[in-house]
Every structure is written in C-alpha cells, then in structure tokens.
$ cat start.cif   # mmCIF, C-alpha atoms
data_upload
loop_
_atom_site.label_atom_id
_atom_site.label_comp_id
_atom_site.auth_asym_id
_atom_site.auth_seq_id
_atom_site.Cartn_x
_atom_site.Cartn_y
_atom_site.Cartn_z
CA MET V 1 25.21 38.83 -17.56
CA HIS V 2 24.52 41.98 -19.54
CA GLN V 3 24.19 41.86 -23.32
CA LYS V 4 27.41 40.42 -24.71
CA GLN V 5 29.96 42.87 -25.99
CA HIS V 6 32.20 41.76 -28.86
CA TRP V 7 35.38 43.63 -29.77
CA ASP V 8 37.72 43.75 -32.74
CA ILE V 9 41.05 45.25 -31.66
CA LEU V 10 43.62 46.19 -34.29
CA LEU V 11 47.17 46.28 -32.86
CA THR V 12 50.26 47.78 -34.44
CA ASN V 13 53.52 45.84 -34.04
CA GLN V 14 54.69 48.53 -31.59
CA VAL V 15 52.29 47.23 -28.94
CA ASN V 16 53.38 44.72 -26.28
CA LYS V 17 50.63 42.24 -27.15
CA LYS V 18 51.38 39.79 -24.34
CA LYS V 19 51.16 42.55 -21.73
CA PHE V 20 47.90 43.83 -23.21
CA ILE V 21 46.36 40.34 -23.17
CA ASP V 22 47.51 39.90 -19.55
CA THR V 23 45.65 43.10 -18.56
CA LEU V 24 42.44 41.69 -20.06
CA LEU V 25 42.79 38.29 -18.38
CA SER V 26 43.84 39.70 -14.99
CA GLY V 27 40.93 42.17 -14.78
CA GLU V 28 43.03 45.32 -15.19
CA ALA V 29 41.60 46.60 -18.49
CA LYS V 30 40.87 50.33 -18.87
CA GLU V 31 38.30 52.48 -20.63
CA GLU V 32 35.45 50.63 -22.33
CA LEU V 33 37.20 47.27 -21.98
CA ALA V 34 36.86 47.52 -18.18
CA VAL V 35 33.47 45.81 -18.65
CA PHE V 36 35.44 42.51 -18.76
CA ASN V 37 37.30 43.09 -15.47
CA ASN V 38 35.01 40.97 -13.29
CA GLN V 39 34.54 38.24 -15.87
CA LYS V 40 36.28 34.96 -16.59
CA GLY V 41 38.33 34.94 -19.78
CA ILE V 42 40.46 32.46 -21.72
CA LEU V 43 43.04 32.92 -24.47
CA PHE V 44 42.86 31.16 -27.83
CA SER V 45 46.21 31.53 -29.60
CA ASP V 46 48.96 29.52 -31.30
CA ILE V 47 51.10 29.96 -28.16
CA SER V 48 48.27 28.67 -25.92
CA ILE V 49 47.97 25.60 -28.15
CA GLU V 50 51.74 24.97 -28.02
CA LYS V 51 51.73 25.24 -24.22
CA PHE V 52 48.87 22.75 -24.01
CA ILE V 53 50.71 20.31 -26.26
CA GLU V 54 53.79 20.58 -24.01
CA ARG V 55 51.70 20.05 -20.87
CA GLU V 56 49.87 17.00 -22.22
CA TYR V 57 53.18 15.53 -23.40
CA GLN V 58 54.94 16.22 -20.09
CA TYR V 59 52.19 14.68 -17.92
CA GLN V 60 51.05 12.09 -20.49
CA SER V 61 47.51 13.46 -20.09
CA VAL V 62 44.61 14.05 -22.46
CA GLU V 63 43.02 17.38 -21.53
CA THR V 64 41.75 19.05 -24.68
CA SER V 65 40.02 16.11 -26.34
CA PRO V 66 39.17 13.48 -23.70
CA GLU V 67 36.35 11.91 -25.75
CA SER V 68 38.81 11.03 -28.54
CA HIS V 69 41.51 9.79 -26.11
CA ARG V 70 44.03 11.65 -28.31
CA GLN V 71 46.59 14.22 -27.25
CA LEU V 72 46.42 17.55 -29.07
CA ARG V 73 49.79 17.00 -30.78
CA THR V 74 48.36 14.02 -32.73
CA PHE V 75 45.98 16.28 -34.69
CA SER V 76 46.83 18.29 -37.81
CA SER V 77 47.30 22.06 -37.33
CA GLY V 78 43.77 22.86 -38.52
CA GLU V 79 42.22 20.14 -36.32
CA ARG V 80 44.25 21.34 -33.32
CA LYS V 81 42.54 24.73 -33.52
CA LYS V 82 39.10 23.07 -33.64
CA GLU V 83 39.84 20.79 -30.68
CA PHE V 84 41.38 23.59 -28.61
CA LEU V 85 38.39 25.84 -29.31
CA LYS V 86 36.08 23.06 -28.04
CA TYR V 87 38.24 22.89 -24.90
CA CYS V 88 38.04 26.70 -24.41
CA ILE V 89 34.22 26.64 -24.71
CA ALA V 90 34.01 23.71 -22.25
CA GLN V 91 35.68 25.89 -19.58
CA LYS V 92 32.51 28.06 -19.69
CA PRO V 93 34.31 31.44 -19.89
CA ASP V 94 32.46 34.76 -20.11
CA PHE V 95 34.76 35.81 -22.95
CA ILE V 96 37.40 34.32 -25.25
CA ILE V 97 40.36 36.33 -26.58
CA PHE V 98 41.28 35.27 -30.11
CA ASP V 99 44.87 36.23 -30.97
CA ASN V 100 45.26 36.42 -34.79
CA PRO V 101 43.11 33.30 -35.30
CA PHE V 102 43.29 33.55 -39.12
CA ASP V 103 47.09 33.31 -39.30
CA HIS V 104 48.41 30.25 -41.19
CA LEU V 105 44.93 29.29 -42.43
CA ASP V 106 43.98 28.78 -46.08
CA GLN V 107 41.04 30.73 -47.54
CA ALA V 108 38.46 27.96 -47.08
CA SER V 109 39.47 27.48 -43.44
CA ARG V 110 39.23 31.26 -42.88
CA VAL V 111 35.62 31.28 -44.11
CA ILE V 112 34.73 28.32 -41.87
CA LEU V 113 36.41 29.91 -38.82
CA SER V 114 34.69 33.25 -39.42
CA GLU V 115 31.29 31.49 -39.50
CA SER V 116 32.19 29.51 -36.34
CA LEU V 117 33.08 32.73 -34.51
CA LYS V 118 29.80 34.33 -35.60
CA ASN V 119 27.86 31.36 -34.19
CA LEU V 120 29.98 31.36 -31.03
CA SER V 121 29.25 35.06 -30.47
CA GLN V 122 25.64 34.14 -29.68
CA ILE V 123 26.73 32.47 -26.43
CA ILE V 124 30.19 33.88 -25.49
CA ALA V 125 31.69 37.38 -25.74
CA ILE V 126 34.51 37.54 -28.31
CA ILE V 127 37.56 39.79 -28.22
CA GLN V 128 39.55 39.38 -31.42
CA ILE V 129 43.08 40.82 -31.58
CA VAL V 130 44.52 41.21 -35.09
CA ASN V 131 47.30 43.05 -36.92
CA ARG V 132 45.63 43.33 -40.34
CA VAL V 133 42.52 45.35 -41.24
CA THR V 134 41.47 42.56 -43.61
CA ASP V 135 41.06 40.14 -40.65
CA LEU V 136 38.46 42.24 -38.80
CA LEU V 137 35.14 40.41 -38.30
CA HIS V 138 32.17 41.92 -40.14
CA PHE V 139 29.66 41.01 -37.41
CA VAL V 140 31.57 42.77 -34.59
CA SER V 141 30.41 46.38 -34.08
CA ASN V 142 33.04 47.56 -31.55
CA LYS V 143 36.17 48.15 -33.63
CA VAL V 144 39.17 50.03 -32.18
CA GLN V 145 42.90 50.40 -32.72
CA ILE V 146 45.72 50.36 -30.15
CA LYS V 147 48.89 52.10 -31.33
CA ASP V 148 51.27 51.94 -28.34
CA ASN V 149 51.77 50.57 -24.83
CA THR V 150 49.43 53.06 -23.19
CA PHE V 151 46.73 50.68 -24.53
CA GLU V 152 44.52 53.67 -25.34
CA LEU V 153 41.62 52.87 -27.65
CA HIS V 154 41.42 54.83 -30.91
CA PRO V 155 38.89 54.62 -33.74
CA ILE V 156 40.25 52.74 -36.76
CA SER V 157 41.25 55.28 -39.39
CA LYS V 158 39.25 55.01 -42.61
CA THR V 159 41.67 57.15 -44.57
CA GLU V 160 44.25 55.44 -46.72
CA THR V 161 47.56 55.28 -44.90
CA HIS V 162 50.71 56.39 -46.68
CA PHE V 163 53.47 54.15 -45.42
CA LYS V 164 57.13 55.03 -45.72
CA THR V 165 58.96 54.12 -48.91
CA LEU V 166 62.16 52.11 -48.92
CA ASN V 167 65.32 53.61 -50.37
CA THR V 168 65.55 51.02 -53.14
CA ALA V 169 68.04 52.84 -55.37
CA ALA V 170 71.20 51.16 -54.14
CA ILE V 171 70.91 47.43 -53.56
CA PRO V 172 74.47 46.28 -52.68
CA LYS V 173 76.14 43.97 -55.21
CA ALA V 174 77.05 40.41 -54.21
CA LEU V 175 80.43 40.08 -52.49
CA GLU V 176 81.16 36.91 -54.48
CA LEU V 177 79.57 35.82 -57.73
CA SER V 178 77.42 32.70 -57.50
CA THR V 179 79.17 29.47 -58.40
CA PHE V 180 76.01 28.21 -60.09
CA HIS V 181 75.44 29.55 -63.60
CA GLU V 182 72.76 27.32 -65.18
CA SER V 183 69.30 28.79 -65.79
CA VAL V 184 67.38 25.85 -64.20
CA LEU V 185 67.71 25.88 -60.41
CA ILE V 186 65.14 23.26 -59.34
CA LYS V 187 63.52 20.56 -61.47
CA MET V 188 61.00 17.95 -60.35
CA ASP V 189 59.68 15.30 -62.76
CA ASN V 190 56.76 13.25 -61.39
CA VAL V 191 57.99 13.40 -57.81
CA SER V 192 55.81 11.68 -55.18
CA VAL V 193 56.14 11.47 -51.39
CA SER V 194 54.31 9.09 -49.03
CA TYR V 195 54.40 8.64 -45.26
CA GLU V 196 53.13 5.38 -43.74
CA ASP V 197 51.19 4.44 -46.90
CA ARG V 198 49.57 7.90 -47.09
CA LYS V 199 50.59 9.80 -50.20
CA ILE V 200 51.26 13.50 -49.52
CA ILE V 201 52.19 14.69 -53.03
CA ASP V 202 51.49 12.80 -56.24
CA ASN V 203 53.56 13.11 -59.45
CA ILE V 204 54.61 16.73 -58.98
CA SER V 205 56.45 18.28 -61.94
CA TRP V 206 57.84 21.79 -61.44
CA THR V 207 60.80 23.77 -62.76
CA ILE V 208 62.17 26.93 -61.10
CA LYS V 209 64.57 29.04 -63.17
CA GLN V 210 66.84 31.99 -62.44
CA ARG V 211 65.12 35.33 -61.72
CA GLU V 212 61.63 33.79 -61.60
CA PHE V 213 59.22 34.83 -58.87
CA TRP V 214 56.91 32.02 -57.73
CA GLN V 215 54.22 31.90 -55.08
CA LEU V 216 53.48 28.45 -53.65
CA ILE V 217 49.89 28.08 -52.40
CA GLY V 218 47.64 25.26 -51.25
CA PRO V 219 45.30 24.47 -48.37
CA ASN V 220 46.57 23.41 -44.96
CA GLY V 221 48.01 19.90 -45.09
CA SER V 222 48.42 19.88 -48.90
CA GLY V 223 52.19 19.32 -48.78
CA LYS V 224 53.78 22.78 -48.99
CA SER V 225 56.26 21.95 -46.22
CA THR V 226 57.07 18.65 -47.95
CA ILE V 227 57.84 20.50 -51.21
CA LEU V 228 60.11 22.97 -49.38
CA SER V 229 61.99 20.16 -47.62
CA LEU V 230 62.64 18.52 -51.01
CA ILE V 231 63.99 21.78 -52.45
CA THR V 232 66.30 22.44 -49.48
CA GLY V 233 67.66 18.87 -49.66
CA ASP V 234 66.45 18.01 -46.16
CA ASN V 235 63.91 15.36 -47.18
CA PRO V 236 65.38 11.88 -47.77
CA LYS V 237 62.25 10.99 -49.79
CA GLY V 238 63.89 12.81 -52.72
CA PHE V 239 66.45 10.00 -53.20
CA GLY V 240 65.86 7.82 -56.24
CA GLN V 241 63.47 10.31 -57.85
CA ASP V 242 63.82 12.74 -60.73
CA LEU V 243 64.63 15.63 -58.45
CA PHE V 244 67.41 17.96 -59.61
CA LEU V 245 68.76 20.60 -57.23
CA PHE V 246 71.11 23.17 -58.76
CA GLY V 247 72.26 20.88 -61.56
CA ARG V 248 72.73 17.74 -59.45
CA LYS V 249 70.32 14.82 -59.20
CA LYS V 250 69.33 14.16 -55.60
CA GLY V 251 71.47 11.31 -54.32
CA SER V 252 74.29 11.71 -56.84
CA GLY V 253 76.89 12.48 -54.18
CA GLU V 254 75.96 16.09 -53.42
CA SER V 255 76.02 17.28 -49.79
CA VAL V 256 73.13 19.09 -48.13
CA TRP V 257 75.64 21.86 -47.34
CA GLU V 258 76.33 22.37 -51.07
CA ILE V 259 72.59 22.74 -51.70
CA LYS V 260 72.08 25.13 -48.79
CA LYS V 261 74.89 27.38 -50.05
CA GLN V 262 72.68 28.14 -53.08
CA ILE V 263 69.61 29.04 -50.98
CA GLY V 264 68.71 31.97 -48.75
CA ILE V 265 65.78 31.17 -46.51
CA TYR V 266 63.40 32.96 -44.16
CA THR V 267 60.88 31.13 -41.97
CA THR V 268 58.92 32.49 -39.01
CA SER V 269 60.61 29.90 -36.74
CA MET V 270 63.95 31.68 -37.36
CA MET V 271 62.75 34.52 -35.11
CA ASP V 272 63.26 32.23 -32.10
CA LEU V 273 66.93 31.59 -32.97
CA PHE V 274 67.99 35.20 -32.49
CA GLN V 275 67.03 35.70 -28.86
CA LYS V 276 70.46 36.67 -27.49
CA SER V 277 72.05 40.09 -27.27
CA HIS V 278 73.34 40.34 -30.85
CA THR V 279 73.03 43.78 -32.36
CA LEU V 280 71.09 44.31 -35.59
CA GLU V 281 74.38 44.79 -37.46
CA GLU V 282 75.91 41.59 -36.03
CA MET V 283 72.78 39.59 -36.82
CA ILE V 284 72.84 40.60 -40.51
CA LEU V 285 76.63 40.12 -40.73
CA SER V 286 76.20 36.54 -39.45
CA GLY V 287 74.47 35.81 -42.78
CA PHE V 288 77.88 35.86 -44.47
CA PHE V 289 78.91 32.91 -42.27
CA ASP V 290 75.55 31.09 -42.01
CA SER V 291 75.86 31.21 -38.23
CA ILE V 292 73.41 32.16 -35.49
CA GLY V 293 75.47 34.97 -34.02
CA LEU V 294 78.79 36.47 -35.06
CA TYR V 295 81.86 34.43 -34.10
CA ILE V 296 84.24 35.44 -36.92
CA GLU V 297 85.58 38.96 -37.37
CA PRO V 298 83.92 40.31 -40.53
CA THR V 299 85.98 42.07 -43.20
CA THR V 300 85.75 45.81 -43.86
CA LEU V 301 84.00 45.03 -47.16
CA GLN V 302 81.41 42.83 -45.46
CA LYS V 303 80.70 45.63 -42.98
CA GLN V 304 80.33 48.11 -45.87
CA ILE V 305 77.79 45.85 -47.61
CA VAL V 306 75.72 45.52 -44.42
CA ALA V 307 75.91 49.32 -43.97
CA GLN V 308 74.52 49.74 -47.51
CA TRP V 309 71.67 47.30 -46.79
CA LEU V 310 70.84 49.17 -43.56
CA GLU V 311 70.53 52.32 -45.66
CA VAL V 312 68.19 50.54 -48.08
CA ILE V 313 65.86 49.44 -45.27
CA GLU V 314 66.30 52.78 -43.46
CA MET V 315 67.62 51.22 -40.25
CA THR V 316 71.15 52.70 -40.11
CA ALA V 317 70.38 54.48 -36.83
CA LEU V 318 69.41 51.12 -35.27
CA ARG V 319 72.56 49.20 -36.22
CA LYS V 320 73.87 48.96 -32.62
CA LYS V 321 70.46 48.22 -31.13
CA ARG V 322 69.87 44.70 -29.83
CA PHE V 323 67.95 42.62 -32.37
CA ILE V 324 65.49 41.43 -29.71
CA ASP V 325 64.62 45.06 -28.87
CA LEU V 326 63.49 45.86 -32.43
CA SER V 327 59.83 45.77 -33.45
CA VAL V 328 58.54 42.55 -35.01
CA GLY V 329 58.39 44.23 -38.43
CA GLN V 330 61.97 45.50 -38.18
CA GLN V 331 63.17 42.02 -37.15
CA ARG V 332 61.37 40.44 -40.11
CA VAL V 333 62.86 42.87 -42.66
CA ALA V 334 66.34 42.36 -41.18
CA LEU V 335 66.06 38.55 -41.39
CA ILE V 336 65.03 38.78 -45.06
CA VAL V 337 68.06 41.00 -45.73
CA ARG V 338 70.23 38.41 -43.95
CA ALA V 339 68.79 35.69 -46.22
CA VAL V 340 69.51 37.63 -49.43
CA LEU V 341 72.85 39.10 -48.31
CA LYS V 342 74.97 36.80 -50.53
CA HIS V 343 72.59 37.05 -53.52
CA PRO V 344 71.85 33.30 -53.49
CA PRO V 345 70.39 31.83 -56.70
CA LEU V 346 67.17 31.00 -54.78
CA LEU V 347 65.47 32.90 -51.94
CA ILE V 348 62.73 31.03 -50.04
CA LEU V 349 60.32 33.19 -48.02
CA ASP V 350 57.97 31.04 -45.93
CA GLU V 351 55.00 33.14 -44.73
CA PRO V 352 57.12 36.29 -44.25
CA VAL V 353 54.20 38.61 -43.43
CA GLU V 354 52.29 36.48 -40.88
CA GLY V 355 51.85 38.40 -37.62
CA LEU V 356 52.77 41.77 -39.13
CA ASP V 357 50.61 44.88 -39.13
CA ASP V 358 49.67 46.56 -42.41
CA GLU V 359 52.54 49.06 -42.28
CA ASN V 360 55.17 46.36 -41.81
CA VAL V 361 53.54 44.12 -44.44
CA ASP V 362 53.94 47.03 -46.85
CA LEU V 363 57.62 47.34 -45.87
CA VAL V 364 58.31 43.62 -46.46
CA ILE V 365 56.47 43.66 -49.81
CA GLN V 366 58.53 46.64 -50.96
CA LEU V 367 61.72 44.78 -49.99
CA ILE V 368 60.65 41.63 -51.89
CA ASN V 369 59.72 43.66 -54.98
CA THR V 370 63.09 45.42 -54.82
CA ILE V 371 64.98 42.12 -54.62
CA LYS V 372 63.01 40.93 -57.65
CA GLN V 373 63.76 44.06 -59.69
CA GLU V 374 67.37 44.72 -58.71
CA THR V 375 68.98 41.26 -58.41
CA ASN V 376 69.21 37.94 -60.30
CA VAL V 377 67.77 36.06 -57.33
CA ALA V 378 64.83 33.70 -57.96
CA ILE V 379 62.13 34.02 -55.28
CA LEU V 380 59.86 31.30 -53.89
CA TYR V 381 57.21 32.97 -51.74
CA VAL V 382 54.97 30.72 -49.62
CA SER V 383 51.73 32.17 -48.26
CA HIS V 384 47.99 31.57 -48.16
CA ARG V 385 47.31 35.25 -48.70
CA ILE V 386 47.48 36.96 -52.08
CA GLU V 387 48.96 40.39 -51.26
CA SER V 388 47.78 43.23 -53.48
CA GLY V 389 51.22 44.86 -53.71
CA LEU V 390 53.01 41.67 -54.67
CA ALA V 391 53.17 40.38 -58.24
CA PRO V 392 54.63 36.86 -58.57
CA THR V 393 55.49 35.83 -62.13
CA SER V 394 53.71 32.50 -61.62
CA VAL V 395 51.75 30.62 -58.96
CA PHE V 396 52.22 26.91 -58.20
CA GLU V 397 49.11 25.54 -56.49
CA LEU V 398 48.84 22.24 -54.63
CA LEU V 399 45.43 20.61 -55.01
CA PRO V 400 44.63 17.81 -52.52
CA SER V 401 43.15 14.57 -53.84
CA ALA V 402 42.54 11.08 -52.46
CA THR V 403 45.91 9.96 -53.85
CA GLY V 404 47.92 12.97 -52.64
CA SER V 405 48.19 16.57 -53.81
CA VAL V 406 48.76 17.30 -57.47
CA GLY V 407 50.34 20.51 -58.78
CA ARG V 408 48.89 23.15 -61.06
CA ILE V 409 50.55 26.25 -62.51
CA LYS V 410 48.25 29.28 -62.50
#

$ encode --input "start.cif" --output "structure tokens"
Amino acid sequence: MHQKQHWDILLTNQVNKKKFIDTLLSGEAKEELAVFNNQKGILFSDISIEKFIEREYQYQSVETSPESHRQLRTFSSGERKKEFLKYCIAQKPDFIIFDNPFDHLDQASRVILSESLKNLSQIIAIIQIVNRVTDLLHFVSNKVQIKDNTFELHPISKTETHFKTLNTAAIPKALELSTFHESVLIKMDNVSVSYEDRKIIDNISWTIKQREFWQLIGPNGSGKSTILSLITGDNPKGFGQDLFLFGRKKGSGESVWEIKKQIGIYTTSMMDLFQKSHTLEEMILSGFFDSIGLYIEPTTLQKQIVAQWLEVIEMTALRKKRFIDLSVGQQRVALIVRAVLKHPPLLILDEPVEGLDDENVDLVIQLINTIKQETNVAILYVSHRIESGLAPTSVFELLPSATGSVGRIK
C-alpha cells in the first residue's frame, strides 16, 4: 500500500452524511478521496455500535470482545467505544471512518481518544468526519470541508464566519401563568443513589432556584443521567430522601405528571420520536399538549404564539414543511422551542448541541441566551463542552470517587 493518507472532513448539517459515508465504503468516492476506492474500509460510529449491540443480542453472540466473553451492551459507553475500536482494527481494514468520535465524551476521554487515533494512524489510514472545527485532529494534514450533497471538497475557511442573528426582540409571553410561585424549584439534601451495592452519587446537596442558569458537568459515568432522573421524578431511588421537587417532598403523594408539568425538556433521543409526517408548525404546537404529534385542534391563540416563535427563530417560511425534512440544526432549535413553549419553571437541555455544525451551535446558543434574558425560566444545561458563547450563572460538577460521585459548585 502507498503511504497512508489521513483526512479530516468537516461537514455542515446540510450534507447527507449517511450517503457520503456510503460512497466512501462502496468505492464510489470522487476527487482526491478516490484513492480509497479499491481499499477495504470500516465505519466507527455510535450507530455502528448500536447495530452491533442489537446483532449480538438477537443472535446471543459475542463478536466484538470474544476474549472477555461479554456482549458489547454489558460495557459502559466509554468502554464500548474502546472494545468496538479493537474489533474494527481486528478486521484488518485499509482505512477506518470515524464519525464524530468525540461526541458525548468528557475532556479527559477526548485527550485519550485523540492520542489513540494518533497511534492508530501509524498502521491504518484514518478518515475523520466531524461537524465542529474544534474536533479536527492536529496530526492530520489533509483537511477539507463539504458543504452540500455534491460532496465537493473545499478548503476549510480560516476567516471568522458571521452567522445569522436570531430575531430575539419578541419572545412570546406564556399562554398561562405557572402554577408554581416559590423561588426554590429543586432541592437535594445529602441525596445518595446506589445500584447493586455500587454507589453512583454520594451525599449530593444542590438547590436550583427560579431564573438560574446551571450547567451540569462531570466525566462519563459520573451520574449525570441519575441526577436528571431524580429531578424529573422518574427515579424511584428518590423516595425516602430529602429530595424536594417544586415544593413537594418526593414520595409525599405527588404524581410524576405533576412534576413533568413544571419541566420542559430536550434530549437528543427526542429526535427519534418525531419521524412521521408532522409539519414544523404541528410539531411545535404539540408542545401545548405534551403529545408526540397533534391530535387536538389548537386554539387561535396557541397558533398565534407558535407563529411568533417561528418569527423569533426565523423559520416562518418553513412552517408547513415536514419536520423530518428540516436540517438537523433546524430540528434541534424547533424542539427547544417546543420545550419552552409554555414557559415552564425549569428547562432541561441535555447535550443540545451534540452533532451540530458550528453555525447551528451558534443558533442554539443564541436561543438559550435569549430564553435566559427574556423569560423567568430556570435552565439546566447538560454538556461536556464549555461553549464560548454561553454563560451559565453557575456550574455543578460531579466528581467521581470510590464511594460514588460527590458534587461541587464552581
């Protein structure tokens, strides 16, 4: 084989990434990437890992980690990536495509992965596909950008990009005033959670008040998801502890539905729920009814409020377009609007910018900053990344220890 070529490819969210990856793996690449057309490639991505987990589960096989006799699903998310990478290398490919490998990883894991990829590049050609400039690998010399579905290669622009600015002047008022008027929304006093004798979080004390803007950080496996499930009322481990959700102690007769009425939430998994032919307008309107899809005729006033929000996010012209036909960035912004539509006391945003390109990250950050400035909504933002345009009031950090993660306010 000739000297190995490594590539960093920056994609905008307008590009059909799956189709582009298929051209590389099927030997139909164009321009300078045609060098890979007669070579054997393999894809390393979150979707590849999920498919492997499904296959092992379906056939009760152990394919990725035969020496450990463990199926891939039994490993933690960070370990899964390590085991699947070992599997990819064992297939002896000429090149490996890495699809946003740094997504969902904490800073320490990013450094380790970057070093692993550098070492790997000595023996296998690497094609990394990313959406963020910050994720480009320093040791890769071939750096290009793909802007649309022609898959033409462009040099990455060094000039500072001026993204569009949201029309933030007119955030619509809440249709109904919140029924919760106390300043303290969430209060934890020495809350601990264990699973099968393994403590996940240890004596966490944390108070979230109205209008505060928190970022929750912590390494992979430190208990961020556990904390969120306590706040949303979904985790039964909150019973019998000093956990107060919107003025009620957990287990004092409150219903999960009453808790959820006070919370707007965005998670990346929500993207999969809206895969039918709802229009953008219908999808946002469904937020008034907490339904996936619109099954109740909305009022004229509800339609007016959604029309105002569409103006704010500059998507009025797209209101009748099918949600699934929007770009990933447009979908993400729309789902955040849906979450904040009723001005809930608390808005939870769980990794809202993962998988977005820099332009769409900028759009989401502007929307979050606008919600902070123009409403009484408290925001809980969960992400490993510290975004330069985002200014949380406080940061709550989970620090792993042998007896479970402890909390620290930064």

$ closest_atom_pairs --input "start.cif" --of "segment 290-360 of chain V" --to "segment 91-100 of chain V" --cutoff "12 Å" --atoms "all atoms listed in the file" --output "tab-separated table"
residue	atom	partner	partner_atom	distance
V:Glu354	CA	V:Asn100	CA	9.3
V:Gly355	CA	V:Asn100	CA	7.4
V:Leu356	CA	V:Asn100	CA	10.2
V:Asp357	CA	V:Asn100	CA	10.9

$ write_last_selection --input "start.cif" --atoms "C-alpha atoms" --output "compact mmCIF listing (two decimals), in the frame of the given file"
# COMPACT_ATOMS: atom_id res chain seq x y z
CA GLU V 354 52.29 36.48 -40.88
CA GLY V 355 51.85 38.40 -37.62
CA LEU V 356 52.77 41.77 -39.13
CA ASP V 357 50.61 44.88 -39.13

$ closest_residue --input "start.cif" --among "V:Glu28, V:Arg73, V:Gln39, V:Glu314" --to "Glu54 of chain V" --atoms "only C-alpha atoms"
V:Arg73

$ closest_residue --input "start.cif" --among "V:Ser405, V:Ser388, V:Gln107, V:Ser141" --to "His6 of chain V" --atoms "all atoms listed in the file"
V:Ser141

$ closest_residue --input "start.cif" --among "V:Asp8, V:Asp290, V:Glu115, V:Glu254" --to "Gln128 of chain V" --atoms "all atoms listed in the file"
V:Asp8

$ closest_residue --input "start.cif" --among "V:Glu67, V:Gln330, V:Glu32, V:Thr232" --to "Leu153 of chain V" --atoms "all atoms listed in the file"
V:Glu32

$ build_atoms --input "start.cif" --residues "segment 28-47 of chain V" --atoms "N, CA and C atoms" --output "PDB file, in the coordinates of the input"
ATOM      1  N   GLU V  28      42.446  43.987 -15.348  1.00  0.00           N
ATOM      2  CA  GLU V  28      43.030  45.320 -15.190  1.00  0.00           C
ATOM      3  C   GLU V  28      42.822  46.193 -16.427  1.00  0.00           C
ATOM      4  N   ALA V  29      41.844  45.842 -17.262  1.00  0.00           N
ATOM      5  CA  ALA V  29      41.600  46.600 -18.490  1.00  0.00           C
ATOM      6  C   ALA V  29      41.045  47.982 -18.164  1.00  0.00           C
ATOM      7  N   LYS V  30      41.307  48.941 -19.074  1.00  0.00           N
ATOM      8  CA  LYS V  30      40.870  50.330 -18.870  1.00  0.00           C
ATOM      9  C   LYS V  30      39.815  50.711 -19.909  1.00  0.00           C
ATOM     10  N   GLU V  31      39.282  51.899 -19.716  1.00  0.00           N
ATOM     11  CA  GLU V  31      38.300  52.480 -20.630  1.00  0.00           C
ATOM     12  C   GLU V  31      37.130  51.525 -20.845  1.00  0.00           C
ATOM     13  N   GLU V  32      36.660  51.437 -22.066  1.00  0.00           N
ATOM     14  CA  GLU V  32      35.450  50.630 -22.330  1.00  0.00           C
ATOM     15  C   GLU V  32      35.665  49.138 -22.124  1.00  0.00           C
ATOM     16  N   LEU V  33      36.934  48.697 -22.172  1.00  0.00           N
ATOM     17  CA  LEU V  33      37.200  47.270 -21.980  1.00  0.00           C
ATOM     18  C   LEU V  33      37.108  46.850 -20.516  1.00  0.00           C
ATOM     19  N   ALA V  34      36.971  47.832 -19.608  1.00  0.00           N
ATOM     20  CA  ALA V  34      36.860  47.520 -18.180  1.00  0.00           C
ATOM     21  C   ALA V  34      35.623  46.683 -17.868  1.00  0.00           C
ATOM     22  N   VAL V  35      34.681  46.627 -18.818  1.00  0.00           N
ATOM     23  CA  VAL V  35      33.470  45.810 -18.650  1.00  0.00           C
ATOM     24  C   VAL V  35      33.827  44.336 -18.443  1.00  0.00           C
ATOM     25  N   PHE V  36      35.025  43.921 -18.893  1.00  0.00           N
ATOM     26  CA  PHE V  36      35.440  42.510 -18.760  1.00  0.00           C
ATOM     27  C   PHE V  36      36.194  42.229 -17.461  1.00  0.00           C
ATOM     28  N   ASN V  37      36.398  43.260 -16.625  1.00  0.00           N
ATOM     29  CA  ASN V  37      37.300  43.090 -15.470  1.00  0.00           C
ATOM     30  C   ASN V  37      36.811  42.110 -14.413  1.00  0.00           C
ATOM     31  N   ASN V  38      35.523  41.915 -14.296  1.00  0.00           N
ATOM     32  CA  ASN V  38      35.010  40.970 -13.290  1.00  0.00           C
ATOM     33  C   ASN V  38      34.505  39.685 -13.940  1.00  0.00           C
ATOM     34  N   GLN V  39      34.999  39.415 -15.146  1.00  0.00           N
ATOM     35  CA  GLN V  39      34.540  38.240 -15.870  1.00  0.00           C
ATOM     36  C   GLN V  39      35.689  37.248 -16.093  1.00  0.00           C
ATOM     37  N   LYS V  40      35.294  36.031 -16.375  1.00  0.00           N
ATOM     38  CA  LYS V  40      36.280  34.960 -16.590  1.00  0.00           C
ATOM     39  C   LYS V  40      36.616  34.877 -18.083  1.00  0.00           C
ATOM     40  N   GLY V  41      37.911  34.997 -18.391  1.00  0.00           N
ATOM     41  CA  GLY V  41      38.330  34.940 -19.780  1.00  0.00           C
ATOM     42  C   GLY V  41      39.334  33.834 -20.033  1.00  0.00           C
ATOM     43  N   ILE V  42      39.489  33.478 -21.315  1.00  0.00           N
ATOM     44  CA  ILE V  42      40.460  32.460 -21.720  1.00  0.00           C
ATOM     45  C   ILE V  42      41.065  32.884 -23.048  1.00  0.00           C
ATOM     46  N   LEU V  43      42.319  32.500 -23.257  1.00  0.00           N
ATOM     47  CA  LEU V  43      43.040  32.920 -24.470  1.00  0.00           C
ATOM     48  C   LEU V  43      43.115  31.783 -25.478  1.00  0.00           C
ATOM     49  N   PHE V  44      42.717  32.091 -26.714  1.00  0.00           N
ATOM     50  CA  PHE V  44      42.860  31.160 -27.830  1.00  0.00           C
ATOM     51  C   PHE V  44      43.953  31.723 -28.746  1.00  0.00           C
ATOM     52  N   SER V  45      45.104  31.055 -28.770  1.00  0.00           N
ATOM     53  CA  SER V  45      46.210  31.530 -29.600  1.00  0.00           C
ATOM     54  C   SER V  45      47.121  30.358 -29.959  1.00  0.00           C
ATOM     55  N   ASP V  46      47.992  30.567 -30.933  1.00  0.00           N
ATOM     56  CA  ASP V  46      48.960  29.520 -31.300  1.00  0.00           C
ATOM     57  C   ASP V  46      49.857  29.178 -30.123  1.00  0.00           C
ATOM     58  N   ILE V  47      50.228  30.210 -29.326  1.00  0.00           N
ATOM     59  CA  ILE V  47      51.100  29.960 -28.160  1.00  0.00           C
ATOM     60  C   ILE V  47      50.361  29.149 -27.109  1.00  0.00           C
TER      61      ILE V  47
END
